[in-house]
Structure formats: C-alpha cells, structure tokens
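J.: Following this line is query_20.cif, made up of mmCIF, C-alpha atoms:
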```
data_run
loop_
_atom_site.label_atom_id
_atom_site.label_comp_id
_atom_site.auth_asym_id
_atom_site.auth_seq_id
_atom_site.Cartn_x
_atom_site.Cartn_y
_atom_site.Cartn_z
CA MET B 373 10.57 26.16 -1.99
CA ASN B 374 10.91 25.31 1.70
CA LEU B 375 8.81 25.05 4.84
CA LYS B 376 9.20 28.77 5.73
CA THR B 377 8.07 29.84 2.24
CA ILE B 378 4.95 27.68 2.57
CA ALA B 379 4.29 29.28 5.98
CA ASP B 380 4.63 32.81 4.56
CA MET B 381 2.25 31.99 1.71
CA ALA B 382 -0.33 30.62 4.15
CA GLY B 383 0.17 33.39 6.71
CA VAL B 384 0.99 30.93 9.49
CA SER B 385 4.06 29.87 11.45
CA PRO B 386 6.52 27.22 10.18
CA ALA B 387 5.48 25.09 13.18
CA THR B 388 1.89 25.03 11.91
CA VAL B 389 3.03 23.90 8.46
CA SER B 390 5.18 21.22 10.08
CA ASN B 391 2.18 19.95 12.06
CA VAL B 392 0.12 19.62 8.86
CA ILE B 393 2.91 17.84 6.99
CA ASN B 394 3.41 15.37 9.84
CA GLY B 395 -0.30 14.74 10.38
CA ASN B 396 -0.51 16.51 13.76
CA PHE B 397 -3.86 18.23 13.23
CA GLY B 398 -4.84 18.72 16.88
CA LYS B 399 -3.70 22.35 17.03
CA VAL B 400 -4.61 23.26 13.45
CA SER B 401 -8.07 24.31 12.28
CA ASP B 402 -9.62 22.49 9.32
CA GLU B 403 -9.61 25.72 7.30
CA THR B 404 -5.88 26.30 7.92
CA ARG B 405 -5.05 22.69 7.20
CA ARG B 406 -6.87 22.77 3.86
CA LYS B 407 -5.18 26.06 2.95
CA ILE B 408 -1.71 24.65 3.66
CA GLU B 409 -2.46 21.40 1.83
CA ASN B 410 -3.63 23.31 -1.24
CA ILE B 411 -0.43 25.38 -1.30
CA ILE B 412 1.69 22.23 -0.96
CA LYS B 413 -0.22 20.61 -3.82
CA LYS B 414 0.01 23.64 -6.11
CA THR B 415 3.74 24.17 -5.48
CA ASN B 416 4.53 20.43 -5.61
CA TYR B 417 6.47 20.81 -2.37
CA LYS B 418 8.33 17.71 -1.19
CA PRO B 419 9.20 17.67 2.54
CA ASN B 420 12.74 16.76 3.53
CA ALA B 421 12.55 13.01 4.15
CA ILE B 422 15.25 12.99 6.85
CA ALA B 423 13.73 15.87 8.78
CA ARG B 424 10.29 14.31 8.51
CA SER B 425 11.49 10.94 9.76
CA LEU B 426 13.18 12.58 12.75
CA ALA B 427 10.04 14.53 13.59
CA LYS B 428 7.86 11.41 13.46
CA ASN B 429 10.50 9.06 14.91
CA GLU B 430 10.29 6.79 11.88
CA SER B 431 12.57 6.10 8.91
CA ARG B 432 9.96 4.71 6.47
CA ILE B 433 12.54 2.03 5.65
CA ILE B 434 11.68 -1.67 5.70
CA GLY B 435 14.61 -4.07 5.78
CA LEU B 436 14.63 -7.23 3.67
CA ILE B 437 17.12 -9.91 4.68
CA VAL B 438 18.09 -12.79 2.42
CA PRO B 439 20.03 -15.28 4.59
CA TYR B 440 22.47 -18.13 4.02
CA LEU B 441 24.36 -16.52 1.14
CA GLY B 442 28.15 -16.64 1.05
CA LYS B 443 30.29 -13.59 0.27
CA ASN B 444 30.69 -14.62 -3.37
CA GLU B 445 27.07 -15.67 -3.91
CA SER B 446 24.37 -13.54 -5.53
CA PHE B 447 20.70 -13.66 -4.61
CA LEU B 448 20.01 -13.44 -8.35
CA SER B 449 21.31 -16.98 -8.80
CA ASN B 450 17.93 -18.19 -7.56
CA PRO B 451 15.03 -16.67 -9.57
CA TYR B 452 12.70 -17.33 -6.62
CA ASN B 453 14.47 -14.52 -4.73
CA THR B 454 13.99 -12.16 -7.65
CA GLN B 455 10.25 -12.83 -7.79
CA ILE B 456 9.49 -12.49 -4.08
CA ILE B 457 11.73 -9.42 -3.68
CA ALA B 458 10.03 -7.72 -6.64
CA SER B 459 6.58 -8.43 -5.17
CA LEU B 460 7.55 -7.22 -1.69
CA GLU B 461 9.06 -4.03 -3.09
CA LYS B 462 5.88 -3.26 -5.00
CA TYR B 463 3.65 -3.50 -1.93
CA VAL B 464 6.09 -1.63 0.32
CA ARG B 465 6.41 1.15 -2.29
CA ASN B 466 2.63 1.43 -2.55
CA ARG B 467 2.59 2.14 1.19
CA ASP B 468 5.05 5.01 0.62
CA TYR B 469 7.89 3.13 2.33
CA TYR B 470 11.35 2.13 1.07
CA LEU B 471 12.76 -1.41 0.88
CA MET B 472 16.40 -1.91 1.82
CA LEU B 473 17.96 -5.26 0.85
CA ARG B 474 20.76 -7.08 2.64
CA CYS B 475 22.15 -10.58 1.97
CA VAL B 476 23.92 -12.34 4.85
CA GLY B 477 25.47 -15.69 5.66
CA ASN B 478 24.02 -15.99 9.17
CA PRO B 479 20.74 -14.16 9.90
CA SER B 480 22.03 -12.96 13.29
CA GLU B 481 24.68 -10.91 11.45
CA ILE B 482 21.98 -8.48 10.40
CA ILE B 483 20.99 -7.32 13.90
CA PRO B 484 23.68 -4.59 14.30
CA ILE B 485 22.93 -3.46 10.74
CA LEU B 486 19.20 -3.18 11.47
CA SER B 487 20.04 -0.88 14.38
CA SER B 488 22.30 1.32 12.25
CA TRP B 489 19.69 1.50 9.49
CA ASN B 490 17.01 2.53 12.02
CA VAL B 491 14.44 0.51 10.06
CA ASP B 492 10.76 0.58 11.03
CA GLY B 493 10.33 -3.14 10.32
CA ALA B 494 11.88 -6.07 8.47
CA PHE B 495 11.23 -9.18 6.40
CA PHE B 496 13.38 -12.31 6.75
CA LEU B 497 13.32 -14.96 4.02
CA GLY B 498 13.52 -18.61 5.08
CA VAL B 499 15.15 -18.63 8.54
CA TYR B 500 15.77 -21.72 10.70
CA GLU B 501 14.14 -21.86 14.14
CA LYS B 502 17.38 -21.53 16.12
CA GLU B 503 18.15 -18.25 14.36
CA VAL B 504 14.58 -16.99 14.89
CA LYS B 505 15.05 -17.44 18.63
CA GLU B 506 18.30 -15.47 18.56
CA ILE B 507 16.84 -12.68 16.41
CA LYS B 508 13.92 -12.26 18.82
CA LYS B 509 16.34 -11.86 21.74
CA LEU B 510 18.43 -9.20 20.02
CA THR B 511 15.85 -6.89 18.44
CA ASP B 512 12.34 -5.60 19.07
CA VAL B 513 11.82 -4.37 15.49
CA PRO B 514 8.53 -5.69 14.00
CA ILE B 515 9.47 -8.67 11.82
CA VAL B 516 7.56 -10.82 9.37
CA TYR B 517 9.21 -14.09 8.32
CA LEU B 518 8.60 -15.81 5.01
CA ASP B 519 8.88 -19.59 4.44
CA THR B 520 10.04 -20.13 8.01
CA TYR B 521 9.32 -23.08 10.30
CA ALA B 522 9.60 -22.15 13.97
CA PRO B 523 6.70 -23.92 15.75
CA ASN B 524 8.05 -23.13 19.22
CA GLU B 525 8.35 -19.37 18.60
CA LYS B 526 5.59 -16.78 18.60
CA ILE B 527 6.21 -15.04 15.28
CA VAL B 528 4.43 -13.83 12.17
CA ASN B 529 5.20 -16.07 9.20
CA VAL B 530 3.79 -16.35 5.70
CA GLY B 531 4.61 -19.45 3.69
CA ILE B 532 2.95 -22.00 1.45
CA GLU B 533 1.59 -25.52 1.92
CA ASP B 534 5.00 -27.14 1.47
CA TYR B 535 3.93 -30.61 2.58
CA ARG B 536 1.00 -30.52 0.17
CA GLY B 537 3.34 -29.25 -2.56
CA GLY B 538 5.56 -32.30 -2.22
CA TYR B 539 2.53 -34.56 -1.98
CA LEU B 540 0.98 -33.05 -5.12
CA SER B 541 4.27 -33.44 -7.01
CA ALA B 542 4.26 -37.20 -6.51
CA ARG B 543 0.51 -37.62 -6.93
CA TYR B 544 0.50 -35.68 -10.20
CA LEU B 545 3.31 -37.78 -11.69
CA ILE B 546 1.69 -41.00 -10.48
CA SER B 547 -1.64 -39.94 -12.03
CA LYS B 548 0.17 -39.68 -15.37
CA GLY B 549 1.22 -43.32 -15.09
CA HIS B 550 4.73 -42.83 -13.68
CA SER B 551 5.93 -45.28 -11.05
CA LYS B 552 9.72 -45.01 -11.37
CA LEU B 553 10.33 -41.62 -9.76
CA ALA B 554 13.40 -39.58 -8.86
CA LEU B 555 13.47 -36.49 -6.67
CA VAL B 556 16.06 -33.70 -6.92
CA THR B 557 16.36 -31.57 -3.79
CA PRO B 558 18.86 -29.54 -1.76
CA ARG B 559 20.20 -31.12 1.40
CA SER B 560 18.44 -30.12 4.61
CA ASP B 561 19.60 -30.84 8.14
CA GLY B 562 16.48 -29.77 10.02
CA GLU B 563 12.82 -28.90 9.87
CA GLY B 564 11.85 -26.52 7.13
CA VAL B 565 10.58 -26.07 3.60
CA ILE B 566 12.62 -28.87 2.01
CA GLN B 567 11.88 -31.41 4.75
CA GLU B 568 8.13 -30.72 4.46
CA ARG B 569 8.15 -31.14 0.68
CA LEU B 570 10.23 -34.33 0.92
CA ARG B 571 7.88 -35.74 3.56
CA GLY B 572 4.85 -34.99 1.38
CA PHE B 573 6.46 -36.59 -1.67
CA SER B 574 7.41 -39.72 0.28
CA ASP B 575 3.95 -40.08 1.82
CA ALA B 576 2.25 -39.86 -1.58
CA CYS B 577 4.52 -42.58 -2.94
CA LYS B 578 3.86 -44.77 0.09
CA GLU B 579 0.08 -44.34 -0.22
CA ASN B 580 0.24 -45.38 -3.86
CA LYS B 581 2.63 -48.30 -3.20
CA ILE B 582 5.38 -46.67 -5.29
CA ASP B 583 8.91 -47.77 -4.42
CA PHE B 584 10.69 -44.62 -3.25
CA ASN B 585 13.69 -44.46 -0.92
CA GLU B 586 17.04 -42.71 -0.43
CA SER B 587 18.41 -44.22 -3.64
CA ASN B 588 15.80 -42.28 -5.61
CA ILE B 589 16.89 -38.92 -4.15
CA TYR B 590 19.51 -36.77 -5.87
CA TYR B 591 20.98 -33.79 -4.02
CA SER B 592 21.70 -30.52 -5.77
CA ASP B 593 22.37 -26.95 -4.71
CA THR B 594 19.61 -24.58 -5.78
CA THR B 595 21.63 -23.31 -8.73
CA TYR B 596 21.42 -23.97 -12.45
CA ALA B 597 25.03 -25.21 -12.74
CA SER B 598 24.68 -27.70 -9.91
CA ALA B 599 21.40 -28.98 -11.34
CA VAL B 600 22.96 -29.50 -14.79
CA ASN B 601 25.50 -31.83 -13.16
CA THR B 602 22.71 -33.63 -11.33
CA GLY B 603 20.81 -34.13 -14.59
CA GLN B 604 23.92 -35.69 -16.09
CA ASP B 605 24.32 -37.95 -13.03
CA ILE B 606 20.74 -39.20 -13.40
CA ALA B 607 21.36 -39.93 -17.08
CA PHE B 608 24.60 -41.83 -16.43
CA ASN B 609 23.09 -43.83 -13.58
CA ASN B 610 20.57 -45.21 -16.07
CA LYS B 611 18.06 -46.42 -13.46
CA GLY B 612 15.13 -46.23 -15.83
CA TYR B 613 13.30 -43.30 -14.27
CA THR B 614 10.26 -42.17 -16.21
CA ALA B 615 9.74 -38.96 -14.22
CA ILE B 616 11.82 -36.55 -12.13
CA ALA B 617 10.45 -34.02 -9.64
CA ALA B 618 12.55 -31.02 -8.63
CA MET B 619 11.96 -28.95 -5.50
CA SER B 620 12.46 -25.68 -7.42
CA ASP B 621 12.10 -24.53 -11.00
CA ILE B 622 15.72 -23.39 -11.33
CA VAL B 623 16.80 -26.94 -10.48
CA ALA B 624 14.31 -28.38 -12.97
CA PHE B 625 15.75 -26.11 -15.67
CA GLY B 626 19.26 -27.37 -14.94
CA VAL B 627 18.22 -31.03 -14.77
CA ILE B 628 16.56 -30.75 -18.20
CA GLU B 629 19.74 -29.23 -19.63
CA GLY B 630 21.87 -31.99 -18.10
CA LEU B 631 19.59 -34.70 -19.50
CA THR B 632 19.55 -33.03 -22.92
CA GLN B 633 23.34 -32.93 -23.02
CA CYS B 634 23.28 -36.69 -22.52
CA GLY B 635 20.84 -37.25 -25.38
CA ILE B 636 17.75 -37.72 -23.21
CA LYS B 637 14.66 -35.88 -24.43
CA VAL B 638 12.05 -34.30 -22.15
CA PRO B 639 9.27 -35.39 -22.02
CA ASN B 640 9.56 -38.17 -24.62
CA ASP B 641 12.23 -40.13 -22.70
CA VAL B 642 11.67 -38.79 -19.17
CA SER B 643 9.24 -36.26 -17.66
CA VAL B 644 10.30 -33.37 -15.40
CA LEU B 645 8.18 -31.40 -12.91
CA GLY B 646 9.29 -28.14 -11.28
CA PHE B 647 8.21 -26.21 -8.19
CA ASP B 648 7.34 -22.47 -7.84
CA ASN B 649 5.90 -21.75 -11.32
CA LEU B 650 8.35 -18.99 -12.18
CA PRO B 651 7.61 -16.92 -15.31
CA ASN B 652 10.66 -18.63 -16.87
CA CYS B 653 8.63 -21.86 -17.10
CA GLU B 654 6.87 -20.40 -20.13
CA TYR B 655 10.17 -19.66 -21.89
CA MET B 656 11.51 -23.22 -21.70
CA THR B 657 11.34 -25.81 -24.46
CA PRO B 658 9.36 -27.77 -23.53
CA LYS B 659 7.39 -25.42 -21.29
CA LEU B 660 7.83 -26.59 -17.70
CA SER B 661 4.95 -28.05 -15.69
CA SER B 662 5.28 -26.87 -12.10
CA ILE B 663 3.77 -26.68 -8.63
CA SER B 664 2.58 -23.08 -8.50
CA GLN B 665 2.71 -20.58 -5.67
CA ASP B 666 1.37 -17.01 -5.86
CA PHE B 667 4.27 -14.62 -5.19
CA ASP B 668 2.06 -11.51 -5.18
CA GLN B 669 -0.35 -13.06 -2.71
CA LYS B 670 2.50 -14.08 -0.41
CA ALA B 671 4.07 -10.62 -0.52
CA ASN B 672 0.71 -8.91 -0.02
CA ARG B 673 -0.10 -10.99 3.06
CA ALA B 674 3.39 -10.43 4.51
CA CYS B 675 3.07 -6.66 4.00
CA ASP B 676 -0.41 -6.58 5.54
CA TYR B 677 0.89 -8.29 8.68
CA LEU B 678 3.94 -6.04 8.94
CA PHE B 679 1.93 -2.83 8.62
CA ARG B 680 -0.58 -4.10 11.16
CA MET B 681 2.34 -4.47 13.55
CA LEU B 682 3.59 -0.99 12.67
CA ASP B 683 0.08 0.34 13.35
CA GLY B 684 0.14 -0.99 16.90
CA GLU B 685 -0.48 -4.78 16.89
CA LYS B 686 2.87 -5.44 18.54
CA ASN B 687 1.99 -8.93 19.82
CA LEU B 688 0.58 -10.25 16.54
CA VAL B 689 1.21 -13.99 16.03
CA GLU B 690 0.33 -15.67 12.73
CA ASN B 691 1.47 -18.68 10.74
CA GLU B 692 -0.31 -18.54 7.40
CA ARG B 693 0.25 -21.23 4.76
CA LEU B 694 -1.02 -20.21 1.33
CA PRO B 695 -2.47 -22.74 -1.13
CA ILE B 696 -0.59 -24.17 -4.10
CA ARG B 697 -1.69 -25.92 -7.30
CA VAL B 698 -0.34 -27.84 -10.28
CA VAL B 699 0.17 -25.88 -13.50
CA GLU B 700 0.30 -28.33 -16.39
CA ARG B 701 2.35 -27.51 -19.49
CA GLN B 702 4.51 -29.73 -21.72
CA SER B 703 7.28 -31.31 -19.63
CA VAL B 704 5.29 -34.25 -18.20
CA LYS B 705 4.18 -37.04 -20.51
CA ASN B 706 1.03 -39.02 -19.81
CA ILE B 707 2.01 -42.72 -20.04
CA ALA B 708 -1.11 -44.01 -18.25
CA GLU B 709 -3.06 -44.38 -21.48
#
```
Let's see the structure in the file written out as structure tokens.
T.:
Amino acid sequence: MNLKTIADMAGVSPATVSNVINGNFGKVSDETRRKIENIIKKTNYKPNAIARSLAKNESRIIGLIVPYLGKNESFLSNPYNTQIIASLEKYVRNRDYYLMLRCVGNPSEIIPILSSWNVDGAFFLGVYEKEVKEIKKLTDVPIVYLDTYAPNEKIVNVGIEDYRGGYLSARYLISKGHSKLALVTPRSDGEGVIQERLRGFSDACKENKIDFNESNIYYSDTTYASAVNTGQDIAFNNKGYTAIAAMSDIVAFGVIEGLTQCGIKVPNDVSVLGFDNLPNCEYMTPKLSSISQDFDQKANRACDYLFRMLDGEKNLVENERLPIRVVERQSVKNIAE
C-alpha cells in the first residue's frame, strides 16, 4: 500500500492524497477528504515518516539533553534522570512526537548535534546560566529548560521550589526534636538547585537557633557509591548527629548503607531524610521519608510550554517553580516526645 494506490482507490491525484495526509485541506473538498481518510483508516496505511517530515518541514523529533556527564558516566546512575526522562517521553509520545536522548559533558557540545538531528525542539536538564547564554546565541530551536537558574536570561524553565525544599528538610527534622543536624550535598560553585536548597536549609536552622555551619556539611557526588563512603565518614567522625538530610534520594540510600555497615541503625540511632521521593523510597528498609516532587507534573508542564512554542509562541518566557511536600515514612524518628 502506497500513496498512489490510495489515490487510485479514491479516484483522485496523489497530490490530493498528500494534501489530506499533511493537513492541507484548502484545495480539498470535505467529501473528498472524508473519502480519503476512510480509505486510509480501512487499509491501515502509514505514511512514510521521512517524506512527511520533508513535506511539512518538521522532523517530529524532540531532543533531550542531559548535561555534565563524563564519557564513562551513565545517566542511569542517578534515578532522578530515569524518572524525569520516562515522564517526558510519555508526554512527547502522546503528542505523536519522538524523544531523542543525548548525554554531554558541556551543554554547548550539543548545538552541532541538534542541527544535524534537525529537531523541532529540545529539553535541557539542569543547565548553568553561562551555558544558557551560549546556547541561546548558537541556536534558535525552541527550548525548554528544567531545573535551571538563569535569572538574567529570557527562557522557559520548569523547576521546583528548591529553596522551600531545603527549608522544609530542616524544619521537618527540627519538628521531630532533632537539633544536631548534618547535611549531605554535592559541591556547587554557583547559583542553582543545590545552592537554593542549601540556603533554605541554613535559613531554617538559623530561624530555629540550631547550630549549623560548614562543619555540619558533608560533600558527596550524586552516586550511590560516593554516598556510601560519606555515610561511613559521618559514622567515623562520631559527632553525635541525630538526623541527616540528603539533597537527593540516591544519596540518602547510600548514606544509610554506609551507616549500616558501621553498625549504626536508621532510624533508631540516627534519622535520614531524602529528597525527590523516588519510587525506590518504598523499597528501602526502613522506607525512606523524603521531600517529594511530582515528576509527571514537571514533565507535563515542560511539554505544554514546548508545544506552545512549536505552535507559534516563539517569544514565550516562563519560570515556573512547582510545589513540593514532605512524604513521611519510617526513616525519621520522632525524639520530641
């Protein structure tokens, strides 16, 4: 079955069939259009995707760029990436588009690749402001950023209330009677997700007259193995912490394992709070309490903005921060009673 066969069955020219397939109804009567559409439906005809994209000057491909990954790193090492990519793919697929994934060290590396892919639009996960500025100079492809802080750039970004997330982390632990707190976080040199969460955590401690300074901060890569080592370091330092907050669930998982290997039980000896509320939190023993973000909501909002841009809102500027909440499970002990 091909376009010419459909045309012969309908008694029209191949050009008329092509116009119907590509949504160009101006020169086609309603009766002819319905006739062609019925034949296509009955024969289960699938137009050639390449030919269709050339005719409409679109690829129906959306790029997804995961930055700051080395050549030997896998995006799967951080379950957050898995969750947000799965959610984005679902919404893109439901729009009858295709998602093409690329991991890079420096976000600017992707620009030549975007051109060769001929993508209709793109998502960038967690880009620093200096790279946003460079990306904007080098491409005019519609882009939606996720978890990006670039206050001086006119972009579309969808993130979460990171400051409030850090603030809630400390406030929740303090409400459970904990005053000797440790924070496990990746290092961050500039403004962004981690800095906002750290600032929120520090402010909550200050408001509640909790002693919290650089000596209470432990740095870990956002990987399970690195966090296991950090958990062991906290145990060996023996500073008497009653609660530990992690800036991601994968780090919380590793910290718990490191503590356990040193004979420290969670939450009986020390409480641990995660961040993201990954599905894995339910599979832990004990089940991990966490600051929750809605991955589906984030992906849905990002897709809505991107397709608005594809539909003609070229100059769209948005910076939406979605709400977060505490999900209480078993890893934080109430010692206030």
J.: Starting from the PyMOL selection byres ((chain B and resi 504-513) around 9), expand the selection into actual residues of this file and give them as a PyMOL selection string.
T.: chain B and resi 479-480+482-483+486-487+491-494+499-503+514-515+517+520+522+525+527
J.: Find the spatial neighbours of B:Val400, counting all atoms listed in the file, within a cut-off of 8 Å - ignore same-chain residues fewer than 4 positions away - and output them as a VMD selection string.
T.: chain B and resid 388 391 to 392 396 404 to 405
J.: Tell me, as a PyMOL selection string, which residues lie within 12 Å of stretch 584-591 of chain B, counting only C-alpha atoms; anything in the same chain fewer than 4 positions away does not count.
T.: chain B and resi 542+551-560+566+570-571+573-580+595+598-607+609-619+623+627
J.: Selection from above, C-alpha atoms, as a short mmCIF file (atom, residue, chain, number, x, y, z; two decimals), keeping the file's coordinate frame, can you write it?
T.:
```
data_model
loop_
_atom_site.label_atom_id
_atom_site.label_comp_id
_atom_site.auth_asym_id
_atom_site.auth_seq_id
_atom_site.Cartn_x
_atom_site.Cartn_y
_atom_site.Cartn_z
CA ALA B 542 4.26 -37.20 -6.51
CA SER B 551 5.93 -45.28 -11.05
CA LYS B 552 9.72 -45.01 -11.37
CA LEU B 553 10.33 -41.62 -9.76
CA ALA B 554 13.40 -39.58 -8.86
CA LEU B 555 13.47 -36.49 -6.67
CA VAL B 556 16.06 -33.70 -6.92
CA THR B 557 16.36 -31.57 -3.79
CA PRO B 558 18.86 -29.54 -1.76
CA ARG B 559 20.20 -31.12 1.40
CA SER B 560 18.44 -30.12 4.61
CA ILE B 566 12.62 -28.87 2.01
CA LEU B 570 10.23 -34.33 0.92
CA ARG B 571 7.88 -35.74 3.56
CA PHE B 573 6.46 -36.59 -1.67
CA SER B 574 7.41 -39.72 0.28
CA ASP B 575 3.95 -40.08 1.82
CA ALA B 576 2.25 -39.86 -1.58
CA CYS B 577 4.52 -42.58 -2.94
CA LYS B 578 3.86 -44.77 0.09
CA GLU B 579 0.08 -44.34 -0.22
CA ASN B 580 0.24 -45.38 -3.86
CA THR B 595 21.63 -23.31 -8.73
CA SER B 598 24.68 -27.70 -9.91
CA ALA B 599 21.40 -28.98 -11.34
CA VAL B 600 22.96 -29.50 -14.79
CA ASN B 601 25.50 -31.83 -13.16
CA THR B 602 22.71 -33.63 -11.33
CA GLY B 603 20.81 -34.13 -14.59
CA GLN B 604 23.92 -35.69 -16.09
CA ASP B 605 24.32 -37.95 -13.03
CA ILE B 606 20.74 -39.20 -13.40
CA ALA B 607 21.36 -39.93 -17.08
CA ASN B 609 23.09 -43.83 -13.58
CA ASN B 610 20.57 -45.21 -16.07
CA LYS B 611 18.06 -46.42 -13.46
CA GLY B 612 15.13 -46.23 -15.83
CA TYR B 613 13.30 -43.30 -14.27
CA THR B 614 10.26 -42.17 -16.21
CA ALA B 615 9.74 -38.96 -14.22
CA ILE B 616 11.82 -36.55 -12.13
CA ALA B 617 10.45 -34.02 -9.64
CA ALA B 618 12.55 -31.02 -8.63
CA MET B 619 11.96 -28.95 -5.50
CA VAL B 623 16.80 -26.94 -10.48
CA VAL B 627 18.22 -31.03 -14.77
#
```
J.: Any idea what's packed within 6 Å of stretch 436-441 of chain B, counting only C-alpha atoms, ignoring anything in its chain fewer than 4 positions away? Could you give it as a list in words?
T.: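 After dropping sequence-adjacent residues, the list is Glu445, Met472, Leu473, Arg474, Cys475, Val476, Gly477, Asn478, Pro479, Ala494, Phe495, Phe496 and Leu497 of chain B.
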J.: To one decimal place in Å, what is the distance between atom CA of B:His550 and atom CA of B:Pro639?
T.: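 Between atom CA of B:His550 and atom CA of B:Pro639 the gap works out to 12.1 Å.
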J.: Point out the residue among B:Asn672, B:Thr454, B:Ser541, B:Asn706 with the least atom-to-atom distance to B:Phe647, counting all atoms listed in the file.
T.: B:Ser541
J.: Could you spell out the hits of the PyMOL selection byres ((chain B and resi 381) around 12) on the shown file, as a list in words?
T.: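 Selected by the PyMOL selection byres ((chain B and resi 381) around 12) here: Met373, Asn374, Leu375, Lys376, Thr377, Ile378, Ala379, Asp380, Ala382, Gly383, Val384, Ser385, Pro386, Val389, Thr404, Lys407, Ile408, Glu409, Asn410, Ile411, Ile412, Lys414 and Thr415 of chain B.
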J.: Report as a list in words all protein, DNA and RNA residues lying within 9 Å of B:Asp668, evaluated on all atoms listed in the file, omitting residues in the same chain fewer than 2 positions from it.
T.: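 Final neighbour list, sorted by chain and number: Gln455, Ile456, Ala458, Ser459, Leu460, Tyr463, Asp666, Lys670, Ala671, Asn672 and Arg673 of chain B.
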J.: Given the choices B:Asp561, B:Asp534, B:Glu629, B:Asp648, which gets closest to B:Phe667 if the distance is worked out from all atoms listed in the file?
T.: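 Ranking B:Asp561, B:Asp534, B:Glu629, B:Asp648 by distance to B:Phe667, first place goes to B:Asp648.
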J.: Ranking B:Asn652, B:Gln669, B:Thr632, B:Ser547 by minimum distance to B:Val704 and counting all atoms listed in the file, which one comes first?
T.: B:Ser547
J.: Between atom CA of B:Asn416 and atom CA of B:Glu403, what is the spacing in Å?
T.: 19.9 Å
J.: Go through the shown structure with the PyMOL selection byres ((chain B and resi 526) around 9) and write out the matching residues as a ChimeraX atom specification.
T.: /B:522-525,527-528,687-690
J.: What does the structure give for the distance between atom CA of B:Ile663 and atom CA of B:Val698, in Å to one decimal?
T.: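 Pair atom CA of B:Ile663 / atom CA of B:Val698 returns 4.6 Å.
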J.: Where's the centre, and what are the edge lengths in Å to one decimal, of a box along x, y and z enclosing all listed atoms of stretch 446-449 of chain B padded 3 Å per side, as JSON?
T.:
```
{"center_x": 22.2, "center_y": -15.2, "center_z": -6.7, "size_x": 10.4, "size_y": 9.5, "size_z": 10.2}
```
J.: Check the smallest atom-to-atom distance from each of B:Leu660, B:Leu448, B:Val644, B:Ile434 to B:Tyr469 using all atoms listed in the file, then report the winner.
T.: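 Residue with the minimum atom-to-atom distance to B:Tyr469: B:Ile434.
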